[in-house]
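Heads up: the structure comes next, in structure tokens.
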Amino acid sequence: MARIRFVLVETSLSGNIGATARAMKNMGLARMALVRPKLGARFADADAVARASGADDLLAAATVHDDLAAALAGCRLVVGSSARARALEWPELDAAGCGARLVAEAANGDVALVLGRESTGLSNHELALCHYLVRIPTNPEFSSLNIAAAAQVFAYEVRRHLPAAADAPAVSPAGVDDRPDLATAEEMDGFHAHLLRTLIAIGYADEGQCSTLSRRLRRLFHRARPDRTELNILRGVLAKVAGRPGKSRARSPDT
């Protein structure tokens, strides 16, 4: 449970941060990270503390970050919550699957659930940092769900999928990658920046028109989930490509 963090992006109302802390503590979660909350470092105001209802220790321990990438540092798995369908399809989980996967993968390292803004949710760029999208099915005629209410659903599913005994292994859902050396979020972010620079340098991508290409490539490598050794190989290839611009000399079939 100590390896599972809830990340809130640009939360407008401090009360929602407090209510989310309450939902988390109620289910045994303690790690909260905030990305540019509206009140900045002063987010733990009277309203936040009141809505936390005794979970103000989570508010005191919460970390504040300038961007989502920084808030995800060290995470091997990231799940983003969004109510909106996206033009570019993303691998999806339901709430139960999200809870099961977070618990299973936390056995080998840090994981994160990302909750977006109250009004607009996560941007496409922020979702591109996530391995999966999770949505809570709601009444299509009234789909608005408070961020703390969503956090409560996810926190419940996390607790529901904990092993019955403290020393028992979590039951892993299909597709969980239990390799301990998977590349972390910041390592993947560095790789994608390197990849994009290389594609622009060799003329494959246009610097001003490559956002969709970048998201598609992120989705591809999120599916692959390379480990650190594999990522170093890929970056070595990129470095070699960038160091040798132009066409390579043709080789005969016998060489």
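Scheme for the structure tokens: letters A, B, ... for chains in order shown; per-chain residue numbers from 1; ligand numbers from 1 in order shown.
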Enumerate as an NGL selection string all residues of segment 13-253 of chain A assigned to strand (DSSP E) by DSSP on the backbone, naming them with the chain letters and numbers the document uses. :A and (31-35 or 63-65 or 75-81 or 92-93 or 110-115 or 132-134)
Dump as a JSON list (two decimals), in the first residue's frame, selection limited to N, CA, C and O atoms:
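So the final result, stored in selection_3.json, reads:
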```
[["chain", "number", "residue", "atom", "x", "y", "z"],
["A", 31, "ARG", "N", -0.23, 7.85, 0.31],
["A", 31, "ARG", "CA", 0.66, 8.68, -0.51],
["A", 31, "ARG", "C", -0.14, 9.52, -1.51],
["A", 31, "ARG", "O", -0.80, 8.99, -2.40],
["A", 32, "MET", "N", -0.07, 10.82, -1.33],
["A", 32, "MET", "CA", -0.76, 11.75, -2.22],
["A", 32, "MET", "C", 0.25, 12.71, -2.84],
["A", 32, "MET", "O", 1.12, 13.24, -2.15],
["A", 33, "ALA", "N", 0.13, 12.90, -4.14],
["A", 33, "ALA", "CA", 0.97, 13.87, -4.85],
["A", 33, "ALA", "C", 0.06, 14.84, -5.58],
["A", 33, "ALA", "O", -0.95, 14.44, -6.18],
["A", 34, "LEU", "N", 0.40, 16.12, -5.53],
["A", 34, "LEU", "CA", -0.42, 17.16, -6.14],
["A", 34, "LEU", "C", 0.37, 17.87, -7.22],
["A", 34, "LEU", "O", 1.54, 18.23, -7.02],
["A", 35, "VAL", "N", -0.27, 18.07, -8.38],
["A", 35, "VAL", "CA", 0.35, 18.79, -9.49],
["A", 35, "VAL", "C", -0.33, 20.15, -9.62],
["A", 35, "VAL", "O", -1.52, 20.23, -9.93],
["A", 63, "THR", "N", 3.02, 15.69, -1.45],
["A", 63, "THR", "CA", 4.07, 16.40, -2.19],
["A", 63, "THR", "C", 3.42, 17.24, -3.28],
["A", 63, "THR", "O", 2.39, 16.87, -3.84],
["A", 64, "VAL", "N", 4.03, 18.38, -3.59],
["A", 64, "VAL", "CA", 3.53, 19.30, -4.61],
["A", 64, "VAL", "C", 4.55, 19.39, -5.74],
["A", 64, "VAL", "O", 5.75, 19.57, -5.49],
["A", 65, "HIS", "N", 4.08, 19.27, -7.00],
["A", 65, "HIS", "CA", 4.97, 19.22, -8.15],
["A", 65, "HIS", "C", 4.56, 20.21, -9.22],
["A", 65, "HIS", "O", 3.38, 20.57, -9.33],
["A", 75, "CYS", "N", 7.69, 5.64, -10.76],
["A", 75, "CYS", "CA", 6.54, 4.73, -10.97],
["A", 75, "CYS", "C", 6.76, 3.80, -12.15],
["A", 75, "CYS", "O", 7.13, 4.23, -13.24],
["A", 76, "ARG", "N", 6.49, 2.52, -11.95],
["A", 76, "ARG", "CA", 6.60, 1.52, -13.01],
["A", 76, "ARG", "C", 5.28, 1.37, -13.77],
["A", 76, "ARG", "O", 5.26, 0.85, -14.90],
["A", 77, "LEU", "N", 4.19, 1.78, -13.15],
["A", 77, "LEU", "CA", 2.86, 1.67, -13.78],
["A", 77, "LEU", "C", 2.07, 2.92, -13.43],
["A", 77, "LEU", "O", 2.04, 3.35, -12.27],
["A", 78, "VAL", "N", 1.39, 3.50, -14.45],
["A", 78, "VAL", "CA", 0.58, 4.70, -14.24],
["A", 78, "VAL", "C", -0.78, 4.48, -14.90],
["A", 78, "VAL", "O", -0.86, 4.11, -16.08],
["A", 79, "VAL", "N", -1.85, 4.70, -14.15],
["A", 79, "VAL", "CA", -3.21, 4.58, -14.66],
["A", 79, "VAL", "C", -3.87, 5.95, -14.55],
["A", 79, "VAL", "O", -3.87, 6.56, -13.48],
["A", 80, "GLY", "N", -4.44, 6.43, -15.65],
["A", 80, "GLY", "CA", -5.09, 7.73, -15.65],
["A", 80, "GLY", "C", -6.60, 7.59, -15.67],
["A", 80, "GLY", "O", -7.14, 6.79, -16.44],
["A", 81, "SER", "N", -7.29, 8.35, -14.83],
["A", 81, "SER", "CA", -8.74, 8.32, -14.78],
["A", 81, "SER", "C", -9.31, 9.45, -15.63],
["A", 81, "SER", "O", -8.89, 10.59, -15.53],
["A", 92, "GLU", "N", -7.75, 0.27, -21.87],
["A", 92, "GLU", "CA", -8.64, 0.65, -20.77],
["A", 92, "GLU", "C", -8.77, -0.46, -19.73],
["A", 92, "GLU", "O", -8.66, -1.65, -20.03],
["A", 93, "LEU", "N", -9.01, -0.03, -18.49],
["A", 93, "LEU", "CA", -9.34, -0.91, -17.39],
["A", 93, "LEU", "C", -10.66, -0.45, -16.79],
["A", 93, "LEU", "O", -11.00, 0.72, -16.87],
["A", 110, "ASP", "N", 6.84, 1.24, -7.25],
["A", 110, "ASP", "CA", 5.81, 2.27, -7.11],
["A", 110, "ASP", "C", 4.86, 2.30, -8.31],
["A", 110, "ASP", "O", 5.28, 2.10, -9.45],
["A", 111, "VAL", "N", 3.60, 2.58, -8.03],
["A", 111, "VAL", "CA", 2.57, 2.71, -9.06],
["A", 111, "VAL", "C", 1.73, 3.94, -8.73],
["A", 111, "VAL", "O", 1.76, 4.45, -7.61],
["A", 112, "ALA", "N", 0.98, 4.43, -9.72],
["A", 112, "ALA", "CA", 0.21, 5.65, -9.50],
["A", 112, "ALA", "C", -1.13, 5.60, -10.21],
["A", 112, "ALA", "O", -1.25, 5.05, -11.31],
["A", 113, "LEU", "N", -2.12, 6.21, -9.57],
["A", 113, "LEU", "CA", -3.41, 6.51, -10.19],
["A", 113, "LEU", "C", -3.49, 8.02, -10.33],
["A", 113, "LEU", "O", -3.26, 8.75, -9.35],
["A", 114, "VAL", "N", -3.82, 8.52, -11.52],
["A", 114, "VAL", "CA", -3.85, 9.96, -11.77],
["A", 114, "VAL", "C", -5.29, 10.42, -11.94],
["A", 114, "VAL", "O", -6.04, 9.87, -12.76],
["A", 115, "LEU", "N", -5.68, 11.43, -11.18],
["A", 115, "LEU", "CA", -7.02, 12.02, -11.26],
["A", 115, "LEU", "C", -6.89, 13.45, -11.79],
["A", 115, "LEU", "O", -6.08, 14.24, -11.29],
["A", 132, "TYR", "N", -2.52, 3.02, -18.87],
["A", 132, "TYR", "CA", -3.92, 2.65, -19.04],
["A", 132, "TYR", "C", -4.83, 3.83, -18.71],
["A", 132, "TYR", "O", -4.46, 4.72, -17.94],
["A", 133, "LEU", "N", -6.02, 3.79, -19.28],
["A", 133, "LEU", "CA", -7.10, 4.70, -18.95],
["A", 133, "LEU", "C", -8.14, 3.90, -18.18],
["A", 133, "LEU", "O", -8.46, 2.77, -18.53],
["A", 134, "VAL", "N", -8.66, 4.48, -17.08],
["A", 134, "VAL", "CA", -9.74, 3.83, -16.34],
["A", 134, "VAL", "C", -10.92, 4.78, -16.27],
["A", 134, "VAL", "O", -10.76, 5.98, -16.07]]
```
With a distance cut-off of 6 Å and only C-alpha atoms, select the neighbouring residues of segment 146-158 of chain A, excluding the residue or stretch itself and same-chain residues fewer than 5 positions from it, and output the selection as a compact mmCIF listing (two decimals) with N, CA, C and O atoms, in the first residue's frame.
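Result written to out21.txt:
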```txt
# COMPACT_ATOMS: atom_id res chain seq x y z
N ASN A 16 -11.77 19.43 -2.17
CA ASN A 16 -11.69 18.16 -2.88
C ASN A 16 -10.40 17.41 -2.55
O ASN A 16 -10.37 16.17 -2.52
N ALA A 19 -11.11 15.91 0.88
CA ALA A 19 -12.04 14.78 0.78
C ALA A 19 -11.37 13.56 0.16
O ALA A 19 -11.65 12.42 0.53
N THR A 20 -10.46 13.80 -0.79
CA THR A 20 -9.72 12.69 -1.38
C THR A 20 -8.80 12.05 -0.35
O THR A 20 -8.66 10.82 -0.28
N ALA A 23 -10.88 9.79 1.73
CA ALA A 23 -11.21 8.56 1.01
C ALA A 23 -10.02 7.61 1.00
O ALA A 23 -10.16 6.39 1.17
N MET A 24 -8.83 8.16 0.80
CA MET A 24 -7.62 7.33 0.76
C MET A 24 -7.34 6.70 2.13
O MET A 24 -7.11 5.49 2.23
N MET A 27 -9.29 3.75 3.30
CA MET A 27 -8.98 2.46 2.69
C MET A 27 -7.52 2.06 2.88
O MET A 27 -7.05 1.10 2.28
N ALA A 96 -12.43 -2.20 -11.08
CA ALA A 96 -11.94 -3.40 -10.40
C ALA A 96 -10.59 -3.83 -10.96
O ALA A 96 -9.66 -4.18 -10.22
N GLY A 99 -7.84 -1.53 -9.65
CA GLY A 99 -7.43 -1.86 -8.28
C GLY A 99 -6.56 -3.10 -8.23
O GLY A 99 -5.52 -3.12 -7.56
```
Applying 12 Å and only C-alpha atoms, which residues near segment 187-202 of chain A remain after dropping the ones on its own chain fewer than 5 positions away? List them as an MDAnalysis selection string. chainID A and resid 68:70 72:78 125:126 128:131 181:182 207:222 224:247
Can you work out which one of A:His161, A:Arg42, A:Arg51, A:Arg135 has the shortest atom-to-atom distance to Met1 of chain A, counting only C-alpha atoms? A:His161
Close residues, Ala2 of chain A itself excluded, 10 Å, only C-alpha atoms, min 2 positions apart in chain, as a count of residues only: 10
Here atom CA of Asn108 of chain A and atom CA of Asp178 of chain A stand apart by 6.7 Å
Nearest-residue call for Glu118 of chain A, choices A:Thr138, A:Ser82, A:Asn26, A:Ser53, using only C-alpha atoms: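 With only C-alpha atoms as the atom set, the closest residue is A:Ser82.
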